[in-house]
Amino acid sequence: MTFPYKGYAGKYLEVDLTKGKTIVKDMVKEWARLYLGGTGISSKILWERTGPETEPLSPENVLVVGTGPFTGVMFSPSGRMMFASKSPLTGIWAESHSGGFFGPEMKYAGFDLIVISGRSPRPVYLFLRDGEAELRDAQHLWGRETDVTTRMIREELRDPSIETAVIGPAGERQVLYGSVIIDFYRAAGRTGLGAVMGSKNLKGIAASGSLPLEAYDMEKYLEANRQEMEKLRDPLWAESLGSLRKYGTTDLVAIINEIGRLPTKNHWTGFYEHADDIGPEIIAERYRIAQEACHGCSIGCKYIYRVRDGRFASAPAGGPEYETLMAFGSNCLNNNIESIMYLGKRCDQLGMDTISCGKSIGFAMELWEKGILDASMTGGLELTWGNIDTMVELVEQIAKREGLGEVLSLGTRRAAEKFGGDAWRYAIHVKGLEASGQDPRAHQSVGLTYATNVRGADHLRSLSSLEELGYPEIVIERFGKEKADKILDIMSPDYKGELIWDMENLYALVDSAVICKYGTMWPPVYYYETFANVLPHLTGMTEWGDVAYVRQASRRIAHLRRAYNHRLGITRKDETLPHRLLKEAMPTGPAKGGLPDLDQMLDEYYDFRGCDKKTGFPKRERLMELGLDYVAEDLEARGMIAK
Ligand code: SF4
């Protein structure tokens, strides 16, 4: 039976790189009905095709490239796509999203998903065009940086409008946080998906399409779309959206530093006294040359900058984003903004996650300060805080996996194991993923977000901005008046279990739809009702018009990803925070003295999630009510179900 729903391209592509084969298949009706798209369908596929025995960098690992029903249909902000696999960095669930134009182009080329397995005997890239797929030789591209690769692919296919997702030398060499770069400077940065592509000898994917996407009921879809767009124009959000449009994510440097949450000196503290030097105004005034937006986005938080002269003079490039400013800036006590922009750009060209890379360097700087590393172990490099020359050199070494870079290319958890002694104290990660730019000692619910996030210490699977931005009317609407004061108190752990449980469910939906977090996370405009309003008219899946169905689907997806990790051995003992963020009170700044009350929040979270508080394992009945019978049976057979 052909795929009955609209809004989707209706086909997916199976790629067996070992055999050099591509097979076009109809999308599966039940995938869309139960898991929607993006992260939801990826979790179903990866549950079935990978597991404890799958070595992340082996041919057996599977890489899913996904879009959702919203991709490319001009719902704002929806120009996004995602990758999912088993992570070589963390050994658990891997997922990373990117904006730009590649996702919509992949759908216009005829594919909702690409499921990639095997390992090609020689470097190749995949070319998609109007329902057809071709594996092309990439030996001449191997070793090239991402910007050069993108240009070469466009030139050889004689089409400057082709969109690409490519890896750089870091992914080829399997740096464990190798990224995938979309259209020059958008990144699916986290969890090492570029290394997975490198291990498969897959240099990239190029897409060019002209196939139409249809709505089930175009008139009603456009009206529902208009209604949701109208919500974005509510004056309530004017300040948040205004700053996002004016400064992009760089504004977060100032906002987050003000509440003492900006990771500084490898998370020693959350307040950086030189934050203004790397903040929004200076970037806007001195370096910005253009504003951009991802496909179909009415917000437009992207910028192009240029450093015109001096050591770090560069051609126009995208960014810098908040996370890069944090990772190579405050995190390493580096207030030289031009060097930060240069380091971010090098990471994009080499194909590496700026967060894990900057955090690995900050970690090494602290080991140097503590005497755990010395010149005999660094090849003579001096790892003093803010040492720009060393940072520039280390980024190159990491991408080449040479010198100290070889150890740092493994991420902080593995590097700490290799260095031994007290090094583990300074490795700021959860489940092996380096922490993104939030300090939970200044924001209680961030601690729970980091601890329970399926991919590790990262904000994008459940961060709540409600208490930070302070929207009492939204909190009351979603959680009730009696809980509002405590939820709005950023330093109270009360009701944060429920809050983060709800955010995780909501973002599971957002990541399946697939849309940008802006508009849902910051500011909190879209909620479950948005999906119920739009999806039936877009897709023809009438059940998605019922908010209760939408909520249930969101929980199904969230549970499935968590179960994927349980099957790999993740329990409550892994859902914790690094020693520093859990035990060392914030030493300076506005959040001085702060510590997260993780146990209280985790207990409440497990109650809402329907999990055993001791192990974190899900209850059988909870899985059954979500239609995850096959998960319940598998976990039960492994003794990984709540008793
Ligand atoms: S808000 Fe920014 S990141 Fe999100 S889709 Fe729009 S331009 Fe892209």
# chains A, B, ... in the order shown; residues from 1 in each chain; ligands from 1

$ residues_around --residues "Gln227 of chain A" --least-positions-apart "6" --cutoff "10 Å" --atoms "only C-alpha atoms" --output "list in words"
Tyr221, Thr530, Asn533 and Val534 of chain A

$ select_by_dssp --residues "segment 42-290 of chain A" --states "helix (DSSP H, G or I)" --output "PyMOL selection string"
chain A and resi 42-49+102-108+146-156+169-172+190-199+218-232+235-258+275-278+280-286

$ atom_distance --atom1 "atom CA of Asn387 of chain A" --atom2 "atom CA of Asn334 of chain A"
7.4 Å

$ select_by_dssp --residues "segment 318-521 of chain A" --states "strand (DSSP E or B)" --output "ChimeraX atom specification"
/A:318,352,429-430,433-434

$ closest_atom_pairs --of "chain A" --to "ligand 1" --cutoff "8 Å" --atoms "only C-alpha atoms and all ligand atoms" --output "CSV"
residue,atom,partner,partner_atom_place_in_ligand_line,distance
A:Ser76,CA,ligand 1,5 (S),7.3
A:Pro77,CA,ligand 1,5 (S),4.5
A:Ser78,CA,ligand 1,5 (S),5.8
A:Gly79,CA,ligand 1,5 (S),5.7
A:Arg80,CA,ligand 1,5 (S),6.7
A:Ser98,CA,ligand 1,3 (S),7.8
A:Gly99,CA,ligand 1,8 (Fe),5.1
A:Gly100,CA,ligand 1,8 (Fe),6.5
A:Leu244,CA,ligand 1,1 (S),7.9
A:Gly248,CA,ligand 1,2 (Fe),7.3
A:Glu292,CA,ligand 1,7 (S),6.7
A:Ala293,CA,ligand 1,7 (S),3.8
A:Cys294,CA,ligand 1,8 (Fe),4.2
A:His295,CA,ligand 1,5 (S),7.0
A:Gly296,CA,ligand 1,5 (S),7.6
A:Cys297,CA,ligand 1,6 (Fe),4.6
A:Ser298,CA,ligand 1,6 (Fe),6.6
A:Ile299,CA,ligand 1,6 (Fe),5.0
A:Gly300,CA,ligand 1,7 (S),3.9
A:Cys301,CA,ligand 1,2 (Fe),4.0
A:Lys302,CA,ligand 1,7 (S),5.3
A:Ile515,CA,ligand 1,5 (S),7.3
A:Cys516,CA,ligand 1,4 (Fe),4.7
A:Lys517,CA,ligand 1,4 (Fe),6.6
A:Tyr518,CA,ligand 1,1 (S),5.1
A:Gly519,CA,ligand 1,1 (S),7.5

$ residues_around --residues "Ser42 of chain A" --least-positions-apart "6" --cutoff "8 Å" --atoms "only C-alpha atoms" --output "JSON, numbers by chain"
{"A": [64, 66, 84]}

$ closest_residue --among "A:Gln600, A:Thr324, A:Gln438, A:Gln139" --to "Asp494 of chain A" --atoms "only C-alpha atoms"
A:Gln600

$ residues_around --residues "segment 553-565 of chain A" --least-positions-apart "4" --cutoff "7 Å" --atoms "only C-alpha atoms" --output "list in words"
Leu34, Tyr35, Gly40, Ser43, Trp47, Ile92, Trp93, Val454, Glu504, Asn505, Leu506, Ala508, Leu509, Tyr549, Gly569, Ile570 and Leu626 of chain A

$ residues_around --residues "segment 400-415 of chain A" --least-positions-apart "5" --cutoff "9 Å" --atoms "only C-alpha atoms" --output "ChimeraX atom specification"
/A:89-90,169-170,173-178,356-357,359-361,363-364,377-379,381,394-395,420,423-424,426-434

$ residues_around --residues "Gly143 of chain A" --least-positions-apart "2" --cutoff "8 Å" --atoms "only C-alpha atoms" --output "PyMOL selection string"
chain A and resi 141+145+168-169+172

$ write_last_selection --atoms "all heavy atoms" --output "JSON list (two decimals), in the first residue's frame"
[["chain", "number", "residue", "atom", "x", "y", "z"],
["A", 141, "LEU", "N", 37.40, 14.18, -2.76],
["A", 141, "LEU", "CA", 36.91, 15.08, -1.72],
["A", 141, "LEU", "C", 37.48, 14.73, -0.34],
["A", 141, "LEU", "O", 37.45, 15.54, 0.59],
["A", 141, "LEU", "CB", 35.38, 15.03, -1.63],
["A", 141, "LEU", "CG", 34.60, 15.38, -2.90],
["A", 141, "LEU", "CD1", 33.11, 15.11, -2.71],
["A", 141, "LEU", "CD2", 34.83, 16.84, -3.28],
["A", 145, "GLU", "N", 38.30, 20.18, 3.56],
["A", 145, "GLU", "CA", 37.49, 20.79, 4.60],
["A", 145, "GLU", "C", 36.06, 20.99, 4.09],
["A", 145, "GLU", "O", 35.80, 20.90, 2.88],
["A", 145, "GLU", "CB", 38.15, 22.09, 5.06],
["A", 145, "GLU", "CG", 39.50, 21.77, 5.71],
["A", 145, "GLU", "CD", 40.24, 22.96, 6.30],
["A", 145, "GLU", "OE1", 39.74, 24.10, 6.21],
["A", 145, "GLU", "OE2", 41.31, 22.74, 6.89],
["A", 168, "GLY", "N", 34.05, 16.94, 7.56],
["A", 168, "GLY", "CA", 35.39, 17.43, 7.29],
["A", 168, "GLY", "C", 36.44, 16.41, 7.70],
["A", 168, "GLY", "O", 36.10, 15.26, 8.03],
["A", 169, "PRO", "N", 37.70, 16.82, 7.74],
["A", 169, "PRO", "CA", 38.77, 15.90, 8.13],
["A", 169, "PRO", "C", 38.56, 15.29, 9.52],
["A", 169, "PRO", "O", 38.96, 14.15, 9.76],
["A", 169, "PRO", "CB", 40.02, 16.79, 8.11],
["A", 169, "PRO", "CG", 39.68, 17.91, 7.17],
["A", 169, "PRO", "CD", 38.20, 18.13, 7.32],
["A", 172, "GLU", "N", 36.24, 12.35, 9.18],
["A", 172, "GLU", "CA", 36.95, 11.28, 8.46],
["A", 172, "GLU", "C", 37.89, 10.52, 9.41],
["A", 172, "GLU", "O", 38.02, 9.30, 9.34],
["A", 172, "GLU", "CB", 37.79, 11.87, 7.33],
["A", 172, "GLU", "CG", 36.98, 12.46, 6.20],
["A", 172, "GLU", "CD", 37.87, 13.21, 5.22],
["A", 172, "GLU", "OE1", 39.11, 13.06, 5.27],
["A", 172, "GLU", "OE2", 37.32, 13.97, 4.40]]

$ closest_residue --among "A:Glu543, A:Val475, A:Glu393, A:Ala591" --to "Met491 of chain A" --atoms "only C-alpha atoms"
A:Ala591

$ atom_distance --atom1 "atom CA of Thr539 of chain A" --atom2 "atom CA of Arg49 of chain A"
27.2 Å

$ closest_residue --among "A:Asp348, A:Glu636, A:Asp612, A:Glu467" --to "Ala317 of chain A" --atoms "only C-alpha atoms"
A:Asp348

$ atom_distance --atom1 "atom CA of Ile372 of chain A" --atom2 "atom CA of Lys265 of chain A"
16.3 Å

$ closest_residue --among "A:Arg455, A:Lys345, A:Arg261, A:Lys29" --to "Tyr185 of chain A" --atoms "only C-alpha atoms"
A:Lys345

$ residues_around --residues "Leu635 of chain A" --least-positions-apart "3" --cutoff "9 Å" --atoms "only C-alpha atoms" --output "list in words"
Ala563, His566, Arg567, Phe617, Pro618, Arg620, Tyr630, Val631, Ala632, Arg638, Gly639, Met640 and Ile641 of chain A

$ closest_residue --among "A:Arg158, A:Lys203, A:Arg119, A:Lys483" --to "Thr146 of chain A" --atoms "only C-alpha atoms"
A:Lys203

$ closest_residue --among "A:Leu595, A:Gly470, A:Glu155, A:Asn201" --to "Gly447 of chain A" --atoms "only C-alpha atoms"
A:Leu595
